[in-house]
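Colleague: Got a file for you: protein-v4.txt, compact mmCIF, C-alpha atoms.
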# COMPACT_ATOMS: atom_id res chain seq x y z
CA MET P 112 8.90 -60.72 -10.12
CA SER P 113 12.70 -60.88 -9.89
CA GLU P 114 12.67 -61.16 -13.66
CA PHE P 115 10.86 -57.84 -13.80
CA PHE P 116 13.48 -56.16 -11.63
CA ALA P 117 16.30 -57.70 -13.66
CA MET P 118 15.07 -55.91 -16.81
CA GLY P 119 16.75 -58.47 -19.06
CA GLY P 120 20.19 -57.55 -17.74
CA TYR P 121 19.67 -53.79 -18.11
CA ALA P 122 18.48 -53.33 -14.51
CA GLY P 123 21.24 -50.86 -13.59
CA TYR P 124 20.55 -48.63 -16.56
CA VAL P 125 16.75 -48.73 -16.51
CA TRP P 126 16.30 -48.32 -12.75
CA SER P 127 18.91 -45.61 -12.41
CA CYS P 128 17.03 -43.61 -15.08
CA TYR P 129 13.70 -44.02 -13.32
CA GLY P 130 15.28 -43.30 -9.94
CA LEU P 131 16.94 -40.16 -11.24
CA THR P 132 13.67 -39.00 -12.79
CA LEU P 133 11.85 -39.53 -9.51
CA VAL P 134 14.49 -37.62 -7.54
CA ILE P 135 14.57 -34.66 -9.94
CA LEU P 136 10.78 -34.39 -10.30
CA ALA P 137 10.24 -34.65 -6.54
CA GLY P 138 13.07 -32.23 -5.83
CA ASN P 139 11.71 -29.71 -8.29
CA LEU P 140 8.30 -29.90 -6.66
CA TRP P 141 9.71 -29.60 -3.16
CA PHE P 142 12.01 -26.68 -3.92
CA SER P 143 9.31 -24.65 -5.65
CA ARG P 144 6.90 -25.30 -2.77
CA ARG P 145 9.53 -24.24 -0.25
CA GLU P 146 10.26 -21.07 -2.23
CA LEU P 147 6.54 -20.24 -2.31
CA LYS P 148 6.20 -20.78 1.46
CA ALA P 149 9.19 -18.52 2.07
CA GLN P 150 7.70 -15.77 -0.11
CA ILE P 151 4.33 -16.03 1.62
CA GLN P 152 6.05 -15.72 4.98
CA ARG P 153 7.99 -12.67 3.84
CA ALA P 154 4.83 -11.04 2.52
CA THR P 155 3.05 -11.73 5.81
CA ARG P 156 5.88 -10.24 7.84
CA ARG P 157 5.96 -7.15 5.62
CA ASN P 158 2.24 -6.65 6.02
CA GLN P 159 2.43 -6.97 9.81
CA THR P 160 5.21 -4.42 10.10
CA ALA P 161 3.33 -2.12 7.73
CA GLU P 162 0.19 -2.24 9.86
CA THR P 163 1.96 -1.53 13.16
CA PRO P 164 4.58 1.12 12.49
CA MET I 269 -11.51 -12.89 -25.12
CA TRP I 270 -9.46 -9.72 -24.55
CA LEU I 271 -11.27 -9.04 -21.33
CA TRP I 272 -10.33 -12.48 -20.09
CA PHE I 273 -6.76 -11.90 -21.23
CA TYR I 274 -6.46 -8.68 -19.27
CA LYS I 275 -8.14 -10.20 -16.27
CA LEU I 276 -5.69 -13.09 -16.27
CA ALA I 277 -2.82 -10.65 -16.59
CA SER I 278 -3.73 -9.06 -13.28
CA PRO I 279 -1.52 -10.53 -10.55
CA PRO I 280 -4.21 -11.10 -7.87
CA TYR I 281 -6.41 -12.98 -10.33
CA ALA I 282 -3.52 -15.09 -11.70
CA TYR I 283 -2.35 -15.78 -8.15
CA ALA I 284 -5.77 -17.11 -7.17
CA ILE I 285 -6.11 -19.19 -10.35
CA ALA I 286 -2.68 -20.76 -9.85
CA ALA I 287 -3.51 -21.62 -6.25
CA ARG I 288 -6.82 -23.21 -7.25
CA TRP I 289 -5.53 -25.24 -10.20
CA ARG I 290 -2.32 -26.51 -8.70
CA PRO I 291 -3.71 -29.51 -6.72
CA TRP I 292 -5.81 -30.69 -9.67
CA LEU I 293 -2.87 -30.48 -12.05
CA LEU I 294 -0.52 -32.19 -9.62
CA TRP I 295 -2.81 -35.07 -8.74
CA SER I 296 -3.81 -35.80 -12.32
CA ALA I 297 -0.11 -35.71 -13.25
CA LEU I 298 0.79 -38.17 -10.50
CA ILE I 299 -2.04 -40.56 -11.39
CA LEU I 300 -1.16 -40.50 -15.08
CA MET I 301 2.52 -41.02 -14.26
CA VAL I 302 1.77 -44.14 -12.23
CA ILE I 303 -0.49 -45.53 -14.97
CA SER I 304 1.97 -44.87 -17.77
CA ALA I 305 4.94 -46.14 -15.74
CA TYR I 306 3.00 -49.36 -15.21
CA GLY I 307 2.18 -49.48 -18.91
CA GLY I 308 5.76 -48.81 -19.91
CA LEU I 309 7.56 -51.00 -17.39
CA VAL I 310 5.14 -53.93 -17.12
CA LEU I 311 2.60 -54.06 -19.93
CA ALA I 312 4.76 -53.02 -22.88
CA PRO I 313 6.67 -55.92 -24.46
CA PRO I 314 10.47 -55.71 -24.76
CA ASP I 315 11.79 -54.18 -27.98
CA TYR I 316 13.02 -56.43 -30.80
CA GLN I 317 16.44 -54.76 -30.81
CA GLN I 318 16.96 -53.06 -27.50
CA LYS I 319 15.13 -55.58 -25.27
CA ASP I 320 14.22 -54.03 -21.92
CA ALA I 321 16.63 -51.11 -22.24
CA PHE I 322 14.15 -49.30 -24.49
CA ARG I 323 11.98 -48.67 -21.40
CA ILE I 324 14.26 -45.73 -20.59
CA MET I 325 12.35 -44.04 -23.43
CA TYR I 326 9.38 -43.42 -21.09
CA VAL I 327 11.35 -40.97 -18.98
CA HIS I 328 13.85 -39.76 -21.59
CA VAL I 329 11.46 -38.71 -24.36
CA PRO I 330 8.99 -36.73 -22.18
CA SER I 331 11.80 -34.82 -20.45
CA ALA I 332 13.49 -34.06 -23.78
CA THR I 333 10.18 -32.88 -25.27
CA LEU I 334 9.46 -30.71 -22.26
CA SER I 335 12.97 -29.24 -22.30
CA LEU I 336 12.07 -27.75 -25.69
CA SER I 337 8.41 -26.86 -25.20
CA VAL I 338 9.07 -25.17 -21.85
CA TYR I 339 11.65 -23.00 -23.59
CA VAL I 340 9.12 -22.04 -26.26
CA ILE I 341 6.57 -21.15 -23.56
CA MET I 342 9.26 -19.12 -21.77
CA ALA I 343 10.21 -17.24 -24.94
CA VAL I 344 6.58 -16.52 -25.86
CA ALA I 345 5.87 -15.27 -22.34
CA ALA I 346 9.00 -13.12 -22.46
CA GLY I 347 7.95 -11.76 -25.85
CA ILE I 348 4.47 -10.89 -24.58
CA GLY I 349 6.04 -9.20 -21.57
CA LEU I 350 8.36 -7.22 -23.78
CA ILE I 351 5.76 -6.10 -26.32
CA TRP I 352 2.71 -5.51 -24.15
CA ARG I 353 4.65 -4.57 -20.99
CA ILE I 354 2.81 -7.16 -18.94
CA LYS I 355 4.65 -7.86 -15.69
CA LEU I 356 2.90 -11.18 -15.15
CA ALA I 357 4.22 -12.49 -18.47
CA HIS I 358 7.77 -11.75 -17.32
CA ALA I 359 7.00 -13.52 -14.05
CA VAL I 360 5.85 -16.60 -15.99
CA ALA I 361 9.02 -16.55 -18.13
CA ALA I 362 11.22 -16.29 -15.05
CA ALA I 363 9.29 -19.16 -13.43
CA CYS I 364 9.72 -21.41 -16.48
CA ALA I 365 13.52 -21.30 -16.58
CA PRO I 366 14.51 -23.50 -13.61
CA ILE I 367 11.85 -26.11 -14.43
CA GLY I 368 12.96 -26.27 -18.06
CA ALA I 369 16.60 -26.49 -17.01
CA TRP I 370 15.84 -29.50 -14.82
CA PHE I 371 14.00 -31.23 -17.67
CA THR I 372 17.05 -30.63 -19.86
CA VAL I 373 19.38 -32.11 -17.23
CA LEU I 374 17.08 -35.10 -16.97
CA ALA I 375 16.96 -35.58 -20.74
CA LEU I 376 20.77 -35.41 -20.99
CA ALA I 377 21.34 -37.73 -18.03
CA THR I 378 18.81 -40.41 -19.02
CA GLY I 379 19.99 -40.18 -22.62
CA SER I 380 23.54 -40.77 -21.47
CA ILE I 381 22.53 -43.77 -19.37
CA TRP I 382 20.57 -45.13 -22.35
CA GLY I 383 23.45 -44.51 -24.76
CA ARG I 384 25.98 -46.49 -22.74
CA PRO I 385 24.49 -49.98 -23.26
CA MET I 386 22.91 -49.34 -26.68
CA TRP I 387 25.35 -47.17 -28.62
CA GLY I 388 28.38 -48.08 -26.53
CA THR I 389 29.16 -44.58 -25.25
CA TRP I 390 28.06 -42.21 -22.51
CA TRP I 391 28.60 -39.12 -24.60
CA GLU I 392 29.39 -38.22 -28.19
CA TRP I 393 29.60 -34.80 -29.83
CA ASP I 394 26.70 -35.71 -32.05
CA PRO I 395 24.51 -32.84 -33.40
CA ARG I 396 21.48 -33.82 -31.28
CA LEU I 397 23.44 -34.25 -28.06
CA THR I 398 25.47 -31.10 -28.59
CA SER I 399 22.46 -28.91 -29.40
CA GLU I 400 20.60 -30.24 -26.35
CA LEU I 401 23.61 -29.31 -24.20
CA ILE I 402 23.46 -25.80 -25.70
CA GLN I 403 19.79 -25.77 -24.70
CA LEU I 404 20.84 -26.34 -21.09
CA PHE I 405 23.36 -23.49 -21.32
CA LEU I 406 20.63 -21.21 -22.68
CA TYR I 407 18.50 -21.89 -19.62
CA LEU I 408 21.46 -21.39 -17.28
CA GLY I 409 22.50 -18.25 -19.15
CA TYR I 410 18.99 -16.85 -18.86
CA MET I 411 18.93 -17.44 -15.11
CA ALA I 412 22.44 -16.05 -14.64
CA LEU I 413 21.61 -12.94 -16.67
CA ARG I 414 18.46 -12.33 -14.64
CA SER I 415 20.24 -12.68 -11.33
CA SER I 416 22.94 -10.23 -12.41
CA PHE I 417 20.41 -7.36 -12.27
CA ASP I 418 19.15 -5.95 -9.00
CA ASP I 419 16.33 -4.14 -10.72
CA THR I 420 13.54 -6.57 -11.66
CA GLN I 421 12.37 -4.56 -14.63
CA ARG I 422 15.82 -4.50 -16.21
CA ALA I 423 16.29 -8.18 -15.47
CA ASP I 424 12.96 -8.85 -17.21
CA ARG I 425 13.94 -6.98 -20.36
CA ALA I 426 17.48 -8.32 -20.68
CA GLY I 427 16.26 -11.85 -19.93
CA ALA I 428 13.46 -11.53 -22.47
CA ILE I 429 15.91 -10.61 -25.25
CA LEU I 430 18.09 -13.64 -24.44
CA ALA I 431 15.05 -15.94 -24.24
CA ILE I 432 13.79 -14.77 -27.64
CA VAL I 433 17.18 -15.01 -29.33
CA GLY I 434 17.74 -18.47 -27.83
CA VAL I 435 14.52 -19.85 -29.26
CA VAL I 436 16.47 -20.31 -32.51
CA ASN I 437 18.11 -23.35 -30.90
CA VAL I 438 14.79 -25.17 -30.46
CA PRO I 439 14.29 -26.13 -34.14
CA ILE I 440 18.01 -26.99 -34.32
CA VAL I 441 17.62 -29.53 -31.50
CA LYS I 442 14.41 -30.87 -32.98
CA TYR I 443 15.62 -31.28 -36.57
CA SER I 444 19.29 -32.02 -35.86
CA VAL I 445 18.65 -35.71 -36.50
CA VAL I 446 16.97 -34.97 -39.83
CA TRP I 447 19.34 -32.32 -41.16
CA TRP I 448 22.64 -34.03 -40.35
CA ASN I 449 24.19 -37.44 -39.94
CA SER I 450 23.96 -38.30 -36.30
CA LEU I 451 24.35 -41.12 -33.85
CA HIS I 452 20.93 -40.35 -32.44
CA GLN I 453 18.10 -41.95 -34.44
CA GLY I 454 15.44 -39.97 -36.28
CA PRO I 455 12.06 -38.93 -34.87
CA SER I 456 9.60 -41.69 -33.97
CA ILE I 457 6.40 -39.80 -33.18
CA SER I 458 6.55 -36.26 -34.47
CA LYS I 459 6.81 -37.02 -38.15
CA LEU I 460 4.34 -37.21 -40.98
CA GLY I 461 2.51 -40.50 -41.20
CA ALA I 462 2.14 -43.19 -38.59
CA PRO I 463 4.51 -43.22 -35.61
CA SER I 464 7.09 -45.98 -35.81
CA ILE I 465 6.37 -47.33 -32.36
CA ALA I 466 4.07 -50.34 -31.90
CA SER I 467 0.84 -49.32 -30.12
CA PRO I 468 1.35 -51.28 -26.85
CA MET I 469 4.63 -49.37 -26.49
CA LEU I 470 3.24 -46.07 -27.76
CA TRP I 471 0.30 -45.33 -25.47
CA PRO I 472 2.36 -45.29 -22.22
CA LEU I 473 4.74 -42.85 -23.89
CA LEU I 474 2.00 -40.45 -25.01
CA LEU I 475 0.35 -40.69 -21.60
CA MET I 476 3.67 -40.04 -19.85
CA MET I 477 4.21 -36.96 -22.02
CA LEU I 478 0.79 -35.67 -20.98
CA ALA I 479 1.64 -36.42 -17.33
CA PHE I 480 4.91 -34.49 -17.61
CA MET I 481 3.05 -31.50 -19.07
CA LEU I 482 0.55 -31.52 -16.22
CA TYR I 483 3.42 -31.84 -13.74
CA PHE I 484 5.12 -28.87 -15.37
CA ALA I 485 1.92 -26.82 -15.10
CA ALA I 486 1.59 -27.74 -11.41
CA VAL I 487 5.15 -26.73 -10.57
CA LEU I 488 4.74 -23.58 -12.67
CA CYS I 489 1.73 -22.59 -10.53
CA ASP I 490 3.91 -22.58 -7.40
CA ARG I 491 6.80 -20.82 -9.07
CA VAL I 492 4.58 -18.13 -10.62
CA ARG I 493 2.96 -17.45 -7.25
CA ALA I 494 6.34 -17.09 -5.59
CA GLU I 495 7.47 -14.84 -8.43
CA ILE I 496 4.35 -12.63 -8.07
CA LEU I 497 4.91 -12.27 -4.32
CA ARG I 498 8.54 -11.32 -4.90
CA ARG I 499 7.50 -8.56 -7.30
CA GLU I 500 4.37 -7.14 -5.69
CA ARG I 501 5.98 -5.74 -2.60
CA ASN I 502 3.48 -3.12 -1.57
CA ALA I 503 0.22 -4.18 -3.14
CA SER I 504 -2.71 -4.04 -0.77
CA TRP I 505 -4.22 -7.31 -1.98
CA LEU I 506 -1.27 -9.22 -0.52
CA ALA I 507 -2.65 -8.79 2.98
CA SER I 508 -5.65 -11.00 2.25
CA VAL I 509 -3.50 -13.58 0.47
CA ALA I 510 -0.98 -13.77 3.25
CA ALA I 511 -3.74 -14.11 5.80
CA GLY I 512 -5.56 -16.77 3.78
CA THR I 513 -3.05 -19.40 2.68
CA MET Q 44 3.65 3.39 -35.28
CA THR Q 45 2.69 3.05 -31.66
CA PRO Q 46 5.42 2.11 -29.19
CA ARG Q 47 3.85 -1.34 -28.87
CA GLN Q 48 4.01 -1.95 -32.62
CA ARG Q 49 7.58 -0.74 -32.63
CA ARG Q 50 8.51 -3.25 -29.95
CA MET Q 51 6.67 -5.97 -31.85
CA ALA Q 52 8.62 -5.14 -35.02
CA LEU Q 53 11.86 -5.10 -33.01
CA VAL Q 54 11.23 -8.60 -31.66
CA ALA Q 55 10.39 -9.84 -35.16
CA VAL Q 56 13.53 -8.26 -36.65
CA VAL Q 57 15.74 -9.71 -33.90
CA LEU Q 58 14.27 -13.18 -34.44
CA LEU Q 59 14.63 -13.02 -38.22
CA THR Q 60 18.19 -11.68 -38.06
CA VAL Q 61 19.44 -14.22 -35.52
CA GLY Q 62 17.52 -17.04 -37.17
CA GLY Q 63 18.87 -16.11 -40.59
CA ALA Q 64 22.44 -15.73 -39.34
CA VAL Q 65 22.42 -19.08 -37.55
CA GLY Q 66 20.73 -20.71 -40.55
CA PHE Q 67 23.39 -19.45 -42.98
CA ALA Q 68 26.20 -20.34 -40.60
CA LEU Q 69 24.93 -23.90 -40.26
CA LYS Q 70 24.46 -24.15 -44.01
CA ALA Q 71 28.03 -22.97 -44.59
CA PHE Q 72 29.44 -25.43 -42.08
CA GLN Q 73 27.14 -28.24 -43.21
CA ASP Q 74 30.03 -30.64 -43.75
CA ASN Q 75 31.67 -29.87 -40.43
CA VAL Q 76 28.45 -30.54 -38.58
CA GLN Q 77 28.17 -34.00 -40.13
CA TYR Q 78 28.84 -36.48 -37.41
CA PHE Q 79 30.07 -39.24 -39.73
CA PHE Q 80 31.03 -39.90 -43.35
CA SER Q 81 29.39 -42.53 -45.51
CA PRO Q 82 31.43 -45.21 -47.31
CA SER Q 83 30.66 -43.32 -50.56
CA ASP Q 84 32.23 -40.16 -49.09
CA VAL Q 85 35.30 -42.20 -48.20
CA SER Q 86 35.53 -43.69 -51.72
CA ALA Q 87 35.19 -40.22 -53.22
CA GLY Q 88 38.06 -39.01 -51.06
CA LYS Q 89 35.91 -36.56 -49.10
CA ALA Q 90 37.07 -37.92 -45.75
CA PRO Q 91 40.14 -36.31 -44.18
CA ALA Q 92 43.36 -38.21 -44.81
CA GLY Q 93 45.77 -38.84 -41.95
CA ARG Q 94 43.27 -37.61 -39.36
CA ALA Q 95 40.75 -39.58 -37.33
CA PHE Q 96 37.15 -39.40 -38.55
CA ARG Q 97 33.97 -41.47 -38.36
CA VAL Q 98 32.44 -43.78 -40.92
CA GLY Q 99 28.82 -44.82 -40.64
CA GLY Q 100 27.09 -47.62 -42.50
CA MET Q 101 25.41 -50.98 -42.38
CA VAL Q 102 27.44 -54.07 -41.45
CA THR Q 103 27.26 -56.30 -44.56
CA GLN Q 104 25.67 -59.70 -43.96
CA GLY Q 105 28.28 -62.43 -43.66
CA SER Q 106 31.22 -60.04 -43.62
CA PHE Q 107 32.05 -60.27 -39.90
CA LYS Q 108 35.21 -62.26 -39.22
CA ARG Q 109 37.28 -62.67 -36.11
CA ALA Q 110 40.77 -64.10 -36.61
CA THR Q 111 41.37 -67.17 -34.43
CA GLY Q 112 43.43 -66.45 -31.33
CA SER Q 113 43.06 -62.71 -31.80
CA MET Q 114 40.70 -59.99 -30.60
CA GLU Q 115 40.85 -58.28 -33.97
CA ALA Q 116 37.53 -58.24 -35.80
CA ARG Q 117 36.98 -57.33 -39.42
CA PHE Q 118 33.76 -56.39 -41.09
CA VAL Q 119 32.52 -54.47 -44.12
CA LEU Q 120 30.49 -51.28 -43.78
CA THR Q 121 28.23 -50.42 -46.70
CA ASP Q 122 25.83 -47.71 -47.78
CA PHE Q 123 24.66 -49.97 -50.62
CA SER Q 124 26.76 -48.20 -53.24
CA ASN Q 125 30.24 -48.33 -51.70
CA ASP Q 126 32.00 -50.40 -49.05
CA VAL Q 127 34.67 -49.81 -46.42
CA THR Q 128 36.46 -52.65 -44.66
CA VAL Q 129 36.91 -51.97 -40.96
CA SER Q 130 39.36 -53.54 -38.56
CA TYR Q 131 38.66 -53.22 -34.84
CA THR Q 132 40.21 -54.68 -31.71
CA GLY Q 133 38.07 -54.50 -28.61
CA VAL Q 134 34.64 -54.97 -27.13
CA LEU Q 135 31.68 -54.34 -29.42
CA PRO Q 136 28.41 -52.79 -28.15
CA ASP Q 137 25.38 -54.98 -27.41
CA LEU Q 138 23.51 -53.91 -30.51
CA PHE Q 139 26.39 -54.74 -32.85
CA ARG Q 140 25.42 -57.40 -35.36
CA GLU Q 141 25.36 -57.94 -39.10
CA GLY Q 142 22.69 -55.85 -40.78
CA GLN Q 143 22.96 -53.25 -38.02
CA GLY Q 144 23.93 -49.63 -38.53
CA VAL Q 145 27.23 -48.84 -36.83
CA ILE Q 146 29.60 -45.89 -36.61
CA ALA Q 147 33.35 -46.48 -36.43
CA ARG Q 148 35.90 -43.86 -35.42
CA GLY Q 149 39.47 -44.25 -36.62
CA LYS Q 150 41.91 -43.68 -39.48
CA LEU Q 151 42.33 -44.97 -42.98
CA ASP Q 152 45.32 -47.21 -43.51
CA GLY Q 153 45.41 -47.64 -47.27
CA ASN Q 154 42.03 -49.15 -48.02
CA LEU Q 155 41.54 -50.53 -44.53
CA PHE Q 156 39.79 -48.43 -41.90
CA VAL Q 157 41.43 -49.05 -38.54
CA ALA Q 158 38.87 -48.21 -35.86
CA GLU Q 159 39.58 -47.20 -32.28
CA GLU Q 160 35.93 -47.17 -31.32
CA VAL Q 161 32.79 -48.78 -32.73
CA LEU Q 162 29.33 -47.51 -31.77
CA ALA Q 163 26.01 -49.08 -32.67
CA LYS Q 164 23.26 -46.93 -34.15
CA HIS Q 165 19.70 -48.03 -33.66
CA ASP Q 166 16.70 -46.96 -35.70
CA GLU Q 167 13.60 -45.07 -34.64
CA ASN Q 168 11.37 -48.15 -34.79
CA TYR Q 169 10.16 -49.79 -31.61
CA MET Q 170 8.23 -53.04 -31.75
CA PRO Q 171 7.88 -56.38 -29.97
CA PRO Q 172 10.15 -59.20 -31.30
CA ASP Q 173 7.28 -61.20 -32.81
CA VAL Q 174 6.10 -58.20 -34.83
CA ALA Q 175 9.66 -57.67 -36.06
CA ASP Q 176 9.86 -61.32 -37.16
CA MET Q 177 6.57 -61.00 -38.99
CA LEU Q 178 7.72 -57.88 -40.79
CA LYS Q 179 10.98 -59.53 -41.73
CA LYS Q 180 9.20 -62.53 -43.27
CA LYS Q 181 6.80 -60.31 -45.13
CA HIS Q 182 9.54 -58.24 -46.71
CA GLU Q 183 11.85 -61.23 -47.32
CA LYS Q 184 14.69 -58.96 -46.38
CA PRO Q 185 17.46 -60.29 -44.22
CA THR Q 186 18.78 -56.86 -43.30
CA GLY Q 187 16.73 -55.38 -40.47
CA THR Q 188 13.77 -53.18 -41.16
CA PRO Q 189 13.50 -51.15 -44.34
CA THR Q 190 13.46 -47.74 -42.66
CA SER Q 191 16.66 -48.41 -40.80
CA THR Q 192 18.53 -48.76 -44.07
CA THR Q 193 17.22 -45.47 -45.42
CA ALA Q 194 18.10 -43.76 -42.16
CA MET Q 195 21.69 -44.80 -42.63
CA THR Q 196 22.07 -44.10 -46.30
CA GLN Q 197 20.36 -40.78 -46.75
CA PRO Q 198 21.97 -37.95 -44.86
CA ALA Q 199 19.17 -35.54 -45.68
CA GLY Q 200 19.74 -31.84 -46.06
Output the file's structure in the form of C-alpha cells.
Modeller:
Amino acid sequence: MSEFFAMGGYAGYVWSCYGLTLVILAGNLWFSRRELKAQIQRATRRNQTAETP
Amino acid sequence: MWLWFYKLASPPYAYAIAARWRPWLLWSALILMVISAYGGLVLAPPDYQQKDAFRIMYVHVPSATLSLSVYVIMAVAAGIGLIWRIKLAHAVAAACAPIGAWFTVLALATGSIWGRPMWGTWWEWDPRLTSELIQLFLYLGYMALRSSFDDTQRADRAGAILAIVGVVNVPIVKYSVVWWNSLHQGPSISKLGAPSIASPMLWPLLLMMLAFMLYFAAVLCDRVRAEILRRERNASWLASVAAGT
Amino acid sequence: MTPRQRRMALVAVVLLTVGGAVGFALKAFQDNVQYFFSPSDVSAGKAPAGRAFRVGGMVTQGSFKRATGSMEARFVLTDFSNDVTVSYTGVLPDLFREGQGVIARGKLDGNLFVAEEVLAKHDENYMPPDVADMLKKKHEKPTGTPTSTTAMTQPAG
C-alpha cells in the first residue's frame, strides 16, 4: 500500500497532478452550480415583483 | 430532423432538456472517472521508460484533448449563432468558454508537473507548449471581449467572430508535434494505425477521456441554463421554471 | 443571396483568409519555429554561430564519459548521419541515458557543443518493461524502440 502511494519516487508529481485535477473539476462544477442557483433566484425575484406591482 | 433542431433551439425546451440530462451525465462521468483512475493508478503497469510518472497521462491527456474539442464546439456554436441568428447557440458558446479555459489551465499545469521529472524542465518555449498557451489566451480573450459589451447581442456577435478566427489555432496545437521539431513527443492515439500505448495502459486513458467529455456536458448543462436565465429576462415561461426548481 | 447565405459566406471567407494567412506565415517562419537543430544542421552550418541554440539527437551508445574528479560529462549526439560532441556540467534528467533522445541548449565552441542545459525527450510509446524487453530482443537493436529513432531524426514538414 505504501508502495502504491510512493509511486516509484514520483509521488509528489503524480499526486499533485491528480489533486489539482480534482480541485479544478470540483471547483468548476461548484461554481457553475452556484451561478445557476443565483440566476434562478434572480428570475424568481423578478417574477414576484412583476406579479405584484 | 429540422423540426427537432428548431425545437431544441427554443430556450424553454433546451432549459428543460439540460435540467433533465445533467444528473445522468454527471453521475456516469463520476463513475467512469473512478473506474479509469483505478485502472490507471493501480491496474496499469509502470512504463518501461517513465516508470510511475507516466500515470500523469490519465489526467493530462484528457484535459488537453478537451481544451481543444471544447473550443471547436464553442466556435461551431458561435458560427451557428452568427449565421442562423439563434440566441441559444450564442448562449452555448458563452457557456463553453470558462469550462474550456479551465481544461486548458489543467493541461498546462499537469504537463508542467510531468515535464519537470521527465524532460528536466517546468516550461520550454516548445511549439506544442507555446500553442497551447495561446489557446488559453484565446479563451481568456473571448471572455474578456464578451464582458466588455453591455449589450448581449453585440457581445454575442463580437465574441463569435473571435471564436471563429481563433479556431485556426486548434490544428496548430494538434499538429505542432508533427510539423516541427519539438520537445513534446508525437501523438500516441490519434494517428493512423495502432496506438502506441500497450492495451492495459490504453483502456483507462480512453475511458477517462469519455468521462471528461461527460463531465464537460454535465457542467455545460448548468452553465447553459444560467446563461438562458440571464438572457430571457421577461419571458413568461420563466415563472414556471422559477417556481419548479 | 439571402442574408443568411451572405453571413455563411462571410464566415467561410474569414476562416479561409485567417487560416491561409497563418498558414503562410508559419510556412515562411518554418525555421524559426523549429525548437532544435539536428546534428546534420549543425554540420551544414545552419545553426547560428556565436548565439545559444538547441541541438537534438540520440545519445550514441558507449559515448558517455565523465572525467574523474569532475562534474563535466561528455557525450555524442547523433541523428545517424552526423554527430555533435556535447560537454555538460550539471545534473542530468532522470530519463537521460545512452540511446535516449535528448535536447541540449548551449553554444558551439569550435567543434565542441558546450551545453548549459540538457533535457530528455521521450517517445510516444507507452508499454510495460517486460514488453519493452521483448521488443528489444526481437529487433536485436540496442538503441531503444525503432519509432523513437525516427521521431528524433525526421523533422517532418
Colleague: Please provide as a ChimeraX atom specification all residues within 9 Å of Ser83 in chain Q, with the sequence filter that same-chain residues fewer than 3 positions apart are discarded (counting all atoms listed in the file).
Modeller: /Q:80,86-89,121-127
Colleague: Within 7 Å of chain I, which residues belong to chain Q? Use all atoms listed in the file and report them as a ChimeraX atom specification.
Modeller: /Q:47,50-51,58,61-62,76-79,136-138,162-172,175,198-200
Colleague: When you look at Val360 in chain I with a cut-off of 10 Å (counting all atoms listed in the file), what residues show up, excluding the ones that are within fewer than 5 positions of it in the same chain? I need them as a VMD selection string.
Modeller: chain I and resid 341 to 346 349 355 365 488 to 489 491 to 493 495 to 496
Colleague: Output as a tab-separated table one row per residue of chain I within 6 Å of chain P: the closest atom pair and its distance in Å to one decimal place, counting only C-alpha atoms, sorted by chain and residue number ascending.
Modeller:
residue	atom	partner	partner_atom	distance
I:Asp320	CA	P:Met118	CA	5.5
I:Ala321	CA	P:Tyr121	CA	5.8
I:Ile324	CA	P:Val125	CA	5.6
I:Thr378	CA	P:Cys128	CA	5.4
I:Ile381	CA	P:Tyr124	CA	6.0
I:Val487	CA	P:Leu140	CA	5.9
I:Arg491	CA	P:Ser143	CA	5.7
I:Ala494	CA	P:Leu147	CA	4.6
I:Ala510	CA	P:Thr155	CA	5.2
Colleague: What gap, in Å, lies between CA of Val134 in chain Q and CA of Thr398 in chain I?
Modeller: 25.6 Å
Colleague: CA of Leu300 in chain I to CA of Ala137 in chain P: how many Å, to one decimal?
Modeller: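 Between these atoms lies a distance of 15.4 Å.
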Colleague: Please return as a PyMOL selection string every residue within 10 Å of (23.7, -33.9, -25.5), taking into account only C-alpha atoms and the file's own coordinates.
Modeller: chain I and resi 372-373+375-377+379-380+390-404+441+452
Colleague: For the residues selected in the previous step, produce a file with C-alpha atoms as an mmCIF file, keeping the file's coordinate frame.
Modeller:
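In the end it all went to result.cif:
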data_model
loop_
_atom_site.group_PDB
_atom_site.id
_atom_site.type_symbol
_atom_site.label_atom_id
_atom_site.label_comp_id
_atom_site.auth_asym_id
_atom_site.auth_seq_id
_atom_site.Cartn_x
_atom_site.Cartn_y
_atom_site.Cartn_z
ATOM 1 C CA THR I 372 17.050 -30.630 -19.860
ATOM 2 C CA VAL I 373 19.380 -32.110 -17.230
ATOM 3 C CA ALA I 375 16.960 -35.580 -20.740
ATOM 4 C CA LEU I 376 20.770 -35.410 -20.990
ATOM 5 C CA ALA I 377 21.340 -37.730 -18.030
ATOM 6 C CA GLY I 379 19.990 -40.180 -22.620
ATOM 7 C CA SER I 380 23.540 -40.770 -21.470
ATOM 8 C CA TRP I 390 28.060 -42.210 -22.510
ATOM 9 C CA TRP I 391 28.600 -39.120 -24.600
ATOM 10 C CA GLU I 392 29.390 -38.220 -28.190
ATOM 11 C CA TRP I 393 29.600 -34.800 -29.830
ATOM 12 C CA ASP I 394 26.700 -35.710 -32.050
ATOM 13 C CA PRO I 395 24.510 -32.840 -33.400
ATOM 14 C CA ARG I 396 21.480 -33.820 -31.280
ATOM 15 C CA LEU I 397 23.440 -34.250 -28.060
ATOM 16 C CA THR I 398 25.470 -31.100 -28.590
ATOM 17 C CA SER I 399 22.460 -28.910 -29.400
ATOM 18 C CA GLU I 400 20.600 -30.240 -26.350
ATOM 19 C CA LEU I 401 23.610 -29.310 -24.200
ATOM 20 C CA ILE I 402 23.460 -25.800 -25.700
ATOM 21 C CA GLN I 403 19.790 -25.770 -24.700
ATOM 22 C CA LEU I 404 20.840 -26.340 -21.090
ATOM 23 C CA VAL I 441 17.620 -29.530 -31.500
ATOM 24 C CA HIS I 452 20.930 -40.350 -32.440
#
Colleague: Could you name the residues that touch Glu159 in chain Q at 9 Å or less, counting only C-alpha atoms, but leaving out those on the same chain fewer than 2 positions away, as a VMD selection string?
Modeller: chain Q and resid 130 to 133 147 to 150 157 161
Colleague: Quick one: pull the distance between CA of Ala305 in chain I and CA of Ser337 in chain I, Å, one decimal.
Modeller: 21.8 Å
Colleague: Range 119-131 of chain P, all listed atoms, 6 Å padding on each side: what axis-aligned box centre and edge lengths in Å to one decimal come out, as JSON?
Modeller:
{"center_x": 17.5, "center_y": -49.3, "center_z": -14.5, "size_x": 19.5, "size_y": 30.3, "size_z": 21.1}
